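Scroll down for the structure; my scribbles are underneath it.
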Amino acid sequence: MKYDFSAVESKWQKYWDEHGTFHASEDHNKKKFYALVEFPYPSGAGMHVGHIKAYSGLEVVSRKRRLQGYNVLFPIGFDAYGLPTENTAIKTGVHPRQVTDNNITKFTSQLKRVGFSFDWDRVVDTTEEDYYKWTQWIFLKMFENGLVFRDKTLVNYCPSCKVVLSNEDSQGGKCDICHSDIVQKDKEVWYLRITEYADKLLQGLDEVDYLPNIRLQQENWIGKSTGAFVNFSIKEQDEQLRIYTTRPDTLYGVTFMVIAPEHPIIEKYRDQIANIDALDAYKAECAKKSEFERTQLVKDKTGVKIEGLTAINPITEKEIPVYVADYVMMGYGTGAIMAVPAHDTRDYDFAKKFGIDIIEVIKGGDISVEAYTGDGEMVNSGVLNGITNKKDAIEKMLAFLGEKGIGEKGVQFKMKDWAFNRQRYWGEPIPIVHCADCGMVAVPYEELPLRLPPVDNFQPGSDGESPLAKIDSFVNCKCPKCGKDAKRETDTMPQWAGSSWYFLRYCDNKNNDCLASREALDYWMPVDWYNGGMEHVTRHLIYSRFWHKFLYDIGEVTTSEPYAKRTAQGLILGPDGQKMSKSRGNVVDPNDVVAEYGADTLRLYVLFMGDYEQAAPWSESSMKGCKRFLDRVWKLQEKVVDGNEYSDKLRSSMHKTIKKVSEDIENLRFNTAIAAMMGLLNQIDEIGSLTKAEYRDLLIMLNPFAPHITEELYETMGFGGVLNEQKWVEYDEALCVDNTVEIVVQINGKVKAHFDAPLNSDRETLEKMAFELPEVTKITDGKTIVKKIAVPNKLVNIVVK
RNA sequence: GCCGCUGUGGUGGAAUAGGCAGACACAAGGGACUUAAAAUCCCUCGGACUAAACAUCCGUACCGGUUCGACCCCGGUCAGCGGCACCA
């Protein structure tokens with residue numbers, strides 16, 4: 001009887017659907033397990049096999065946990081606001097709501113065909129009113145707590161998408177969505193004060209279990225540095241020019257200062273600056289450069305000396321020039337630096353170009369050739385002279401600065417505030433009203449959701465204005481505070497908004513009174529295990545931790561961190577070894593695979609193809625191996641003999657395999673778990689038969705990977721009940737070890753022979769047994785034995801001369 | 001430039017408290033079954049030397065070190081991938 005996978009798979013998918021098999025229970029007395037995967041953006045292209053791999057990891061863990069008796073929450077939803085949908089709408093004339101619904105339907109059917117055990121009762125869609133109502137609600141809470149502000153700055157603007165982008169969305173000077181070049185534009189935009197949480201976001205990493213590289217990327221993104229603020233006085237002015245430095249130990253080597261072109265001191269002393277025209281021109285020139293260009297021109301430093309402002313080195317009391325240069329950014333530190341050309345490569349390049357003095361204060365390099373950034377003995381440094389340790393030098397200087405009252409220890413973060421707006425239609429409207437008298441006024445909570453108005457034309461305005469600005473009925477309103485005529489904010493929220501708290505909504509997705517009930521959050525949170533892509537580690541993961549920490553601070557949630565554990569899967573590359581993409585034409589559609597090989601084969605293969613955390617290329621022929629394996633499992637039915645216990649021949653292998661599979665699943669080592677089951681099957685085939693107990697337990701351990709075929713076999717074998725209601729298999733540690741172990745005999749470190757020895761034989765016994773082997777005596781005869789090493793249960797190594 | 005990860009057969013990948021390198025698969029070759037093909041089953045499968053086997057030697061990117069013993073630890077080099085990037 002051949003295995004008809006398509007009939008079996010649809011049979012069980014229907015069964016699970018009808019029985020609500022995978023609905024998380026609201027019985028809060030049971031031990032819980034909350035597994036979270038990143039919900040997809042429902043694009044028109046549908047899912048590709050990369051999605052399947054991303055979800056299959058925790059799918060296996062979830063199914064195992066259910067068998068282990070946990071109440072499992074394994075939800076799915078759709079992160080549906082965003083530009084691609086809106087662009088499709090503009091192109092086709094179909095409303096984004098409709099586009100979204102179509103795509104969600106498509107995604108849902110694809111996910112169900114793979115047989116994922118998601119709780120389909122808890123689906124969230126970020127674009128639905130009863131969801132984005134709470135996104136707006138959280139925004140207003142932030143507004144209320146001073147975490148929302150507006151600022152007019154140069155922003156990253158994509159001329160093609162006609163939107164303002166965050167730094168995160170415009171990395172490398174290219175738009176994240178359409179890859180056009182970003183230009184700088186002066187605009188008043190919304191910000192969330194994420195920097196206020198920088199320290200908490202950093203410290204919180206100590207409380208959670210993230211993969212080391214994930215943690216590191218977050219730390220780098222937050223970018224904490226410790227150093228000092230130092231005040232430099234300006235000659236003949238009552239003025240302090242404040243700088244930030246991580247190297248206060250090099251203060252004696254400061255020979256000039258540099259300020260950013262936008263530094264306010266220029267405006268303040270316009271009248272005293274002789275070359276103000278040149279400075280204005282330089283500033284204008286810098287403004288024209290995109291951030292990308294500005295950061296690319298690393299080698300050739302530009303700048304202008306300020307004629308009229310001279311600073312004084314507070315330690316040496318020497319007069320030093322002040323320059324304006326665009327290698328200093330207004331957005332980091334104080335927008336001004338002390339330049340130490342001898343020990344900083346940028347300052348060195350600048351000093352060489354402008355002929356400024358270079359004074360060595362740390363021995364060890366050759367400053368006539370290049371800046372020396374290493375450690376060494378302090379020289380030309382007054383009180384620091386002779387110190388050889390950087391840390392000591394910094395400590396001493398900080399104390400010295402404190403005594404003299406010219407500086408103090410300080411901390412800086414690279415992370416910037418979050419530009420929180422889009423000038424587009426398909427996003428959550430920002431619930432703020434602009435009133436001529438009252439300023440920015442929050443829309444009252446009871447008026448939420450502030451609905452996205454129906455509209456026919458989604459085309460953004462020509463200068464980056466939102467399409468909402470064209471809808472008078474939306475824009476014109478009354479001020480909630482004073483009742484006078486006012487205008488609504490027309491920007492919408494960025495795509496990251498909806499995904500910043502979706503994991504909370506899953507806990508209680510139908511609640512109309514709050515974002516989720518206290519009881520549900522108490523029970524389900526934190527997420528026990530969150531898996532997703534590496535590409536979201538610096539954005540989504542930071543943003544959602546920020547929102548969660550804010551909600552914790554205002555008492556809405558009960559855990560300070562949302563995710564107890566975070567892992568990441570590797571990409572599936574195309575068969576050509578390239579990243580899968582529509583433009584390369586190497587995308588594999590899971591529907592095609594399911595139709596031809598079955599869902600179980602697909603599931604098995606995406607986990608078997610390699611290390612789960614590493615990228616691996618798609619190989620159709622390799623997948624056939626998985627199909628072959630399942631077909632052989634199917635055929636085992638014919639070899640089953642009666643027996644409620646493991647047979648002697650297989651007992652130890654069964655226990656070993658159960659142990660291996662159980663442990664490997666916990667460590668995301670699905671490939672070796674599957675390999676172990678394949679090995680077991682090979683052994684069974686060699687023996688020629690297996691007992692009912694053996695077959696039953698093999699089906700149980702294979703079930704999380706290949707649920708359809710195993711359920712079907714479980715039923716046809718008449719083991720009783722349905723498989724997903726059984727208990728996960730257990731192993732006996734004592735039965736995982738054999739009575740005899742094979743010992744390796746090495747001579748001079750090279751393997752020469754093997755022998756079997758009783759388990760835990762002592763060293764002398766092993767050595768004695770080794771010397772009884774003819775292979776050994778043959779080589780050692782007539783030679784001097786220099787040394788004998790015996791490792792119990794492993795090997796004997798004989799060193800001869 | 002800085003930080004991180006990776007480098008193992010024809011291919012995907014196994015193997016780390018330092019102890020038999022290549023598990024499990026794929027591909028390839030040979031055979032069985034078949035009118036034939038598919039499917040299935042059996043055998044071979046890192047390299048050199050062999051007609052073949054035994055034996056021997058070489059082999060985990062490259063060079064060196066520690067060790068009885070190194071894919072694994074240490075120092076250096078190269079290559080690929082990812083992240084950050086004039087961050088003071």
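Residues in the structure tokens are named by chain (A, B, ... in the order shown) and by number from 1 within that chain; ligands are numbered from 1 in the order shown.
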
Check: Could you pull the residues within 12 Å of B:C43, counting only C-alpha atoms (C1' of nucleotides), minus those fewer than 5 positions along the same chain, as a list in words?
Finding: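 Final neighbour list, sorted by chain and number: G29, G30, G31 and A32 of chain B.
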
Note to self: I need the chain B residues near chain A as a list in words; criterion: at most 8 Å, counting only C-alpha atoms (C1' of nucleotides).
What the structure shows: G4, G12, G13, A14, G19, C20, A23, C24, A25, C26, C68, G69, G83, C84, A85, C86, C87 and A88 of chain B

Notebook entry, point to check: Got a sec: who's within 10 Å of stretch 102-113 of chain A, counting only C-alpha atoms (C1' of nucleotides), leaving out chain neighbours fewer than 3 positions off, as number ranges by chain?
Noted result: A: 6, 9-10, 13-14, 17, 40-48, 51-52, 55, 76-80, 85, 96-99, 116-118, 120, 125, 589-591, 594-595, 598-599

Next item on the list: Give me every alpha helix (DSSP H) residue in stretch 521-756 of chain A, going by DSSP on the backbone, as number ranges by chain.
Entry: A: 521-524, 540-553, 590-597, 599-608, 620-635, 648-666, 670-687, 692-702, 707-716

Checklist line | Atomic distance atom C1' of B:A61 - atom CA of A:Glu613, expressed in Å with one decimal | finding: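 Between atom C1' of B:A61 and atom CA of A:Glu613 the gap is 22.2 Å.
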
Checklist line | Residue neighbourhood B:G64, 12 Å, only C-alpha atoms (C1' of nucleotides), exclusion window fewer than 5 positions, as a list in words | finding: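 These residues fall inside the cut-off: C74, G75, G76 and U77 of chain B.
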
Checklist line | atom CA of A:Val411 to atom CA of A:Ala393, distance in Å rounded to a single decimal | finding: 17.9 Å

If you run DSSP over the backbone, which residues in stretch 495-722 of chain A end up strand (DSSP E or B)? Put them as a PDB file with N, CA, C and O atoms, in the first residue's frame.
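Result went into result_18.pdb, see below:
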```pdb
ATOM      1  N   VAL A 527       7.146  35.833  26.739  1.00  0.00           N
ATOM      2  CA  VAL A 527       7.303  34.849  25.682  1.00  0.00           C
ATOM      3  C   VAL A 527       8.460  33.946  26.087  1.00  0.00           C
ATOM      4  O   VAL A 527       9.532  34.429  26.435  1.00  0.00           O
ATOM      5  N   TRP A 529       9.989  31.636  24.247  1.00  0.00           N
ATOM      6  CA  TRP A 529      10.992  31.412  23.199  1.00  0.00           C
ATOM      7  C   TRP A 529      10.522  32.160  21.949  1.00  0.00           C
ATOM      8  O   TRP A 529       9.444  31.914  21.448  1.00  0.00           O
ATOM      9  N   TYR A 530      11.359  33.068  21.474  1.00  0.00           N
ATOM     10  CA  TYR A 530      11.040  33.870  20.290  1.00  0.00           C
ATOM     11  C   TYR A 530      12.073  33.565  19.233  1.00  0.00           C
ATOM     12  O   TYR A 530      13.271  33.707  19.463  1.00  0.00           O
ATOM     13  N   ASN A 531      11.609  33.141  18.086  1.00  0.00           N
ATOM     14  CA  ASN A 531      12.547  32.885  16.991  1.00  0.00           C
ATOM     15  C   ASN A 531      12.187  33.748  15.789  1.00  0.00           C
ATOM     16  O   ASN A 531      11.023  33.966  15.489  1.00  0.00           O
ATOM     17  N   GLY A 532      13.225  34.228  15.113  1.00  0.00           N
ATOM     18  CA  GLY A 532      12.979  35.047  13.931  1.00  0.00           C
ATOM     19  C   GLY A 532      14.265  35.258  13.163  1.00  0.00           C
ATOM     20  O   GLY A 532      15.236  34.535  13.373  1.00  0.00           O
ATOM     21  N   GLY A 533      14.241  36.233  12.277  1.00  0.00           N
ATOM     22  CA  GLY A 533      15.397  36.463  11.408  1.00  0.00           C
ATOM     23  C   GLY A 533      16.424  37.390  12.051  1.00  0.00           C
ATOM     24  O   GLY A 533      16.088  38.239  12.854  1.00  0.00           O
ATOM     25  N   TYR A 563      10.733  39.006  25.990  1.00  0.00           N
ATOM     26  CA  TYR A 563      11.140  37.704  25.448  1.00  0.00           C
ATOM     27  C   TYR A 563      12.217  37.084  26.331  1.00  0.00           C
ATOM     28  O   TYR A 563      13.290  37.634  26.491  1.00  0.00           O
ATOM     29  N   LYS A 565      13.768  34.308  25.736  1.00  0.00           N
ATOM     30  CA  LYS A 565      14.799  33.650  24.940  1.00  0.00           C
ATOM     31  C   LYS A 565      14.599  34.018  23.479  1.00  0.00           C
ATOM     32  O   LYS A 565      13.475  34.067  23.003  1.00  0.00           O
ATOM     33  N   ARG A 566      15.717  34.291  22.799  1.00  0.00           N
ATOM     34  CA  ARG A 566      15.596  34.638  21.388  1.00  0.00           C
ATOM     35  C   ARG A 566      16.646  33.900  20.574  1.00  0.00           C
ATOM     36  O   ARG A 566      17.815  33.885  20.925  1.00  0.00           O
ATOM     37  N   THR A 567      16.175  33.265  19.500  1.00  0.00           N
ATOM     38  CA  THR A 567      17.092  32.594  18.580  1.00  0.00           C
ATOM     39  C   THR A 567      16.785  33.086  17.173  1.00  0.00           C
ATOM     40  O   THR A 567      15.809  33.809  16.962  1.00  0.00           O
ATOM     41  N   ALA A 568      17.614  32.697  16.241  1.00  0.00           N
ATOM     42  CA  ALA A 568      17.394  33.130  14.863  1.00  0.00           C
ATOM     43  C   ALA A 568      17.738  32.012  13.897  1.00  0.00           C
ATOM     44  O   ALA A 568      18.718  31.295  14.101  1.00  0.00           O
ATOM     45  N   GLN A 569      16.942  31.867  12.863  1.00  0.00           N
ATOM     46  CA  GLN A 569      17.204  30.840  11.861  1.00  0.00           C
ATOM     47  C   GLN A 569      18.007  31.427  10.709  1.00  0.00           C
ATOM     48  O   GLN A 569      17.979  32.621  10.482  1.00  0.00           O
ATOM     49  N   ILE A 572      17.164  30.409   3.753  1.00  0.00           N
ATOM     50  CA  ILE A 572      17.237  29.388   2.715  1.00  0.00           C
ATOM     51  C   ILE A 572      17.662  30.116   1.444  1.00  0.00           C
ATOM     52  O   ILE A 572      17.033  31.102   1.038  1.00  0.00           O
ATOM     53  N   LEU A 573      18.759  29.691   0.869  1.00  0.00           N
ATOM     54  CA  LEU A 573      19.219  30.299  -0.371  1.00  0.00           C
ATOM     55  C   LEU A 573      18.581  29.571  -1.548  1.00  0.00           C
ATOM     56  O   LEU A 573      18.108  28.439  -1.398  1.00  0.00           O
ATOM     57  N   LYS A 579      20.770  34.503  -2.524  1.00  0.00           N
ATOM     58  CA  LYS A 579      19.613  34.816  -1.706  1.00  0.00           C
ATOM     59  C   LYS A 579      18.349  34.714  -2.571  1.00  0.00           C
ATOM     60  O   LYS A 579      18.331  35.170  -3.703  1.00  0.00           O
ATOM     61  N   ALA A 616      21.506  27.858   4.057  1.00  0.00           N
ATOM     62  CA  ALA A 616      21.793  26.667   3.243  1.00  0.00           C
ATOM     63  C   ALA A 616      21.010  26.742   1.939  1.00  0.00           C
ATOM     64  O   ALA A 616      19.880  27.216   1.920  1.00  0.00           O
ATOM     65  N   PRO A 617      21.608  26.293   0.841  1.00  0.00           N
ATOM     66  CA  PRO A 617      20.919  26.364  -0.452  1.00  0.00           C
ATOM     67  C   PRO A 617      19.864  25.269  -0.596  1.00  0.00           C
ATOM     68  O   PRO A 617      20.024  24.170  -0.079  1.00  0.00           O
ATOM     69  N   VAL A 640       5.852  -4.832  11.483  1.00  0.00           N
ATOM     70  CA  VAL A 640       5.566  -4.780  12.912  1.00  0.00           C
ATOM     71  C   VAL A 640       5.175  -6.151  13.442  1.00  0.00           C
ATOM     72  O   VAL A 640       4.376  -6.857  12.841  1.00  0.00           O
ATOM     73  N   VAL A 641       5.766  -6.525  14.572  1.00  0.00           N
ATOM     74  CA  VAL A 641       5.375  -7.762  15.257  1.00  0.00           C
ATOM     75  C   VAL A 641       4.826  -7.393  16.630  1.00  0.00           C
ATOM     76  O   VAL A 641       5.084  -6.298  17.127  1.00  0.00           O
ATOM     77  N   LEU A 690      10.108  -4.934  13.867  1.00  0.00           N
ATOM     78  CA  LEU A 690      10.101  -4.108  15.078  1.00  0.00           C
ATOM     79  C   LEU A 690       8.813  -4.383  15.840  1.00  0.00           C
ATOM     80  O   LEU A 690       7.815  -4.812  15.253  1.00  0.00           O
ATOM     81  N   THR A 691       8.855  -4.128  17.139  1.00  0.00           N
ATOM     82  CA  THR A 691       7.661  -4.393  17.941  1.00  0.00           C
ATOM     83  C   THR A 691       6.717  -3.204  17.851  1.00  0.00           C
ATOM     84  O   THR A 691       7.101  -2.112  17.435  1.00  0.00           O
TER      85      THR A 691
END
```

Item checked: Point-to-point distance in Å for atom CA of A:Met717 and atom CA of A:Ile684 ->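 Answer for the atom CA of A:Ile684 to atom CA of A:Met717 separation: 17.6 Å.
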
Next item on the list: Tell me which of A:Tyr348, A:Phe229, A:Phe705, A:Phe39 sits closest to A:Ala54, counting only C-alpha atoms.
Entry: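 That would be A:Phe39, the residue with the smallest distance to A:Ala54.
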
Next item on the list: May I have the residues within 12 Å of B:A70 as a list in words, using only C-alpha atoms (C1' of nucleotides) and disregarding those fewer than 5 positions away in the same chain?
Entry: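 Using only C-alpha atoms (C1' of nucleotides), the neighbours found are Gly749 of chain A; U16, G18, G19, A21, U60 and G65 of chain B.
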
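Taking only C-alpha atoms (C1' of nucleotides), the non-local environment of A:Lys656 within 10 Å (same-chain residues fewer than 6 positions away omitted) comprises Leu650, Ser662, Ala676, Leu680, Tyr731, Asp732, Glu733, Ala734, Leu735, Cys736 and Val737 of chain A.
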
Output of the above residues as a PDB file, in the first residue's frame, restricted to all heavy atoms:
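As a result, selection_34.pdb now contains:
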```pdb
ATOM      1  N   LEU A 650      16.892  -3.800  19.888  1.00  0.00           N
ATOM      2  CA  LEU A 650      16.695  -2.374  19.645  1.00  0.00           C
ATOM      3  C   LEU A 650      16.639  -1.533  20.922  1.00  0.00           C
ATOM      4  O   LEU A 650      16.643  -0.311  20.845  1.00  0.00           O
ATOM      5  CB  LEU A 650      15.391  -2.155  18.862  1.00  0.00           C
ATOM      6  CG  LEU A 650      15.508  -2.186  17.346  1.00  0.00           C
ATOM      7  CD1 LEU A 650      14.136  -1.982  16.723  1.00  0.00           C
ATOM      8  CD2 LEU A 650      16.457  -1.110  16.836  1.00  0.00           C
ATOM      9  N   SER A 662      15.195  14.215  21.756  1.00  0.00           N
ATOM     10  CA  SER A 662      14.667  15.110  22.788  1.00  0.00           C
ATOM     11  C   SER A 662      15.615  16.273  23.031  1.00  0.00           C
ATOM     12  O   SER A 662      15.202  17.426  23.119  1.00  0.00           O
ATOM     13  CB  SER A 662      14.475  14.353  24.105  1.00  0.00           C
ATOM     14  OG  SER A 662      13.571  13.290  23.917  1.00  0.00           O
ATOM     15  N   ALA A 676      19.340  11.036  13.415  1.00  0.00           N
ATOM     16  CA  ALA A 676      19.307   9.945  14.393  1.00  0.00           C
ATOM     17  C   ALA A 676      18.127   9.021  14.119  1.00  0.00           C
ATOM     18  O   ALA A 676      18.243   7.790  14.213  1.00  0.00           O
ATOM     19  CB  ALA A 676      19.216  10.516  15.805  1.00  0.00           C
ATOM     20  N   LEU A 680      18.135   5.072  13.108  1.00  0.00           N
ATOM     21  CA  LEU A 680      17.333   4.056  13.785  1.00  0.00           C
ATOM     22  C   LEU A 680      16.563   3.214  12.767  1.00  0.00           C
ATOM     23  O   LEU A 680      16.500   1.984  12.863  1.00  0.00           O
ATOM     24  CB  LEU A 680      16.365   4.723  14.765  1.00  0.00           C
ATOM     25  CG  LEU A 680      15.465   3.794  15.575  1.00  0.00           C
ATOM     26  CD1 LEU A 680      16.289   2.979  16.552  1.00  0.00           C
ATOM     27  CD2 LEU A 680      14.402   4.593  16.335  1.00  0.00           C
ATOM     28  N   TYR A 731      13.194   8.372  27.988  1.00  0.00           N
ATOM     29  CA  TYR A 731      14.307   7.434  27.875  1.00  0.00           C
ATOM     30  C   TYR A 731      14.903   7.195  29.253  1.00  0.00           C
ATOM     31  O   TYR A 731      14.730   7.990  30.173  1.00  0.00           O
ATOM     32  CB  TYR A 731      15.375   7.963  26.919  1.00  0.00           C
ATOM     33  CG  TYR A 731      16.007   9.259  27.368  1.00  0.00           C
ATOM     34  CD1 TYR A 731      17.160   9.262  28.165  1.00  0.00           C
ATOM     35  CD2 TYR A 731      15.451  10.473  27.004  1.00  0.00           C
ATOM     36  CE1 TYR A 731      17.722  10.457  28.578  1.00  0.00           C
ATOM     37  CE2 TYR A 731      16.015  11.674  27.423  1.00  0.00           C
ATOM     38  CZ  TYR A 731      17.158  11.656  28.205  1.00  0.00           C
ATOM     39  OH  TYR A 731      17.697  12.826  28.617  1.00  0.00           O
ATOM     40  N   ASP A 732      15.587   6.054  29.355  1.00  0.00           N
ATOM     41  CA  ASP A 732      16.254   5.695  30.594  1.00  0.00           C
ATOM     42  C   ASP A 732      17.748   5.858  30.355  1.00  0.00           C
ATOM     43  O   ASP A 732      18.328   5.185  29.513  1.00  0.00           O
ATOM     44  CB  ASP A 732      15.904   4.238  30.931  1.00  0.00           C
ATOM     45  CG  ASP A 732      16.500   3.825  32.266  1.00  0.00           C
ATOM     46  OD1 ASP A 732      17.419   4.530  32.735  1.00  0.00           O
ATOM     47  OD2 ASP A 732      16.057   2.808  32.814  1.00  0.00           O
ATOM     48  N   GLU A 733      18.321   6.797  31.087  1.00  0.00           N
ATOM     49  CA  GLU A 733      19.734   7.109  30.896  1.00  0.00           C
ATOM     50  C   GLU A 733      20.598   5.837  30.978  1.00  0.00           C
ATOM     51  O   GLU A 733      21.531   5.657  30.208  1.00  0.00           O
ATOM     52  CB  GLU A 733      20.175   8.121  31.960  1.00  0.00           C
ATOM     53  CG  GLU A 733      21.560   8.702  31.775  1.00  0.00           C
ATOM     54  CD  GLU A 733      21.622   9.720  30.640  1.00  0.00           C
ATOM     55  OE1 GLU A 733      20.840  10.679  30.664  1.00  0.00           O
ATOM     56  OE2 GLU A 733      22.461   9.548  29.749  1.00  0.00           O
ATOM     57  N   ALA A 734      20.224   4.964  31.902  1.00  0.00           N
ATOM     58  CA  ALA A 734      21.029   3.755  32.111  1.00  0.00           C
ATOM     59  C   ALA A 734      21.008   2.853  30.882  1.00  0.00           C
ATOM     60  O   ALA A 734      21.963   2.117  30.618  1.00  0.00           O
ATOM     61  CB  ALA A 734      20.518   2.995  33.322  1.00  0.00           C
ATOM     62  N   LEU A 735      19.922   2.903  30.124  1.00  0.00           N
ATOM     63  CA  LEU A 735      19.811   2.028  28.965  1.00  0.00           C
ATOM     64  C   LEU A 735      20.423   2.648  27.714  1.00  0.00           C
ATOM     65  O   LEU A 735      20.428   2.045  26.648  1.00  0.00           O
ATOM     66  CB  LEU A 735      18.342   1.683  28.710  1.00  0.00           C
ATOM     67  CG  LEU A 735      17.712   0.826  29.810  1.00  0.00           C
ATOM     68  CD1 LEU A 735      16.234   0.648  29.560  1.00  0.00           C
ATOM     69  CD2 LEU A 735      18.412  -0.529  29.892  1.00  0.00           C
ATOM     70  N   CYS A 736      20.904   3.889  27.847  1.00  0.00           N
ATOM     71  CA  CYS A 736      21.525   4.553  26.710  1.00  0.00           C
ATOM     72  C   CYS A 736      22.986   4.148  26.567  1.00  0.00           C
ATOM     73  O   CYS A 736      23.641   4.520  25.613  1.00  0.00           O
ATOM     74  CB  CYS A 736      21.437   6.071  26.851  1.00  0.00           C
ATOM     75  SG  CYS A 736      19.758   6.674  26.660  1.00  0.00           S
ATOM     76  N   VAL A 737      23.507   3.466  27.580  1.00  0.00           N
ATOM     77  CA  VAL A 737      24.909   3.046  27.484  1.00  0.00           C
ATOM     78  C   VAL A 737      24.979   1.527  27.353  1.00  0.00           C
ATOM     79  O   VAL A 737      24.169   0.803  27.917  1.00  0.00           O
ATOM     80  CB  VAL A 737      25.727   3.503  28.708  1.00  0.00           C
ATOM     81  CG1 VAL A 737      26.061   4.974  28.593  1.00  0.00           C
ATOM     82  CG2 VAL A 737      24.982   3.231  29.993  1.00  0.00           C
TER      83      VAL A 737
END
```
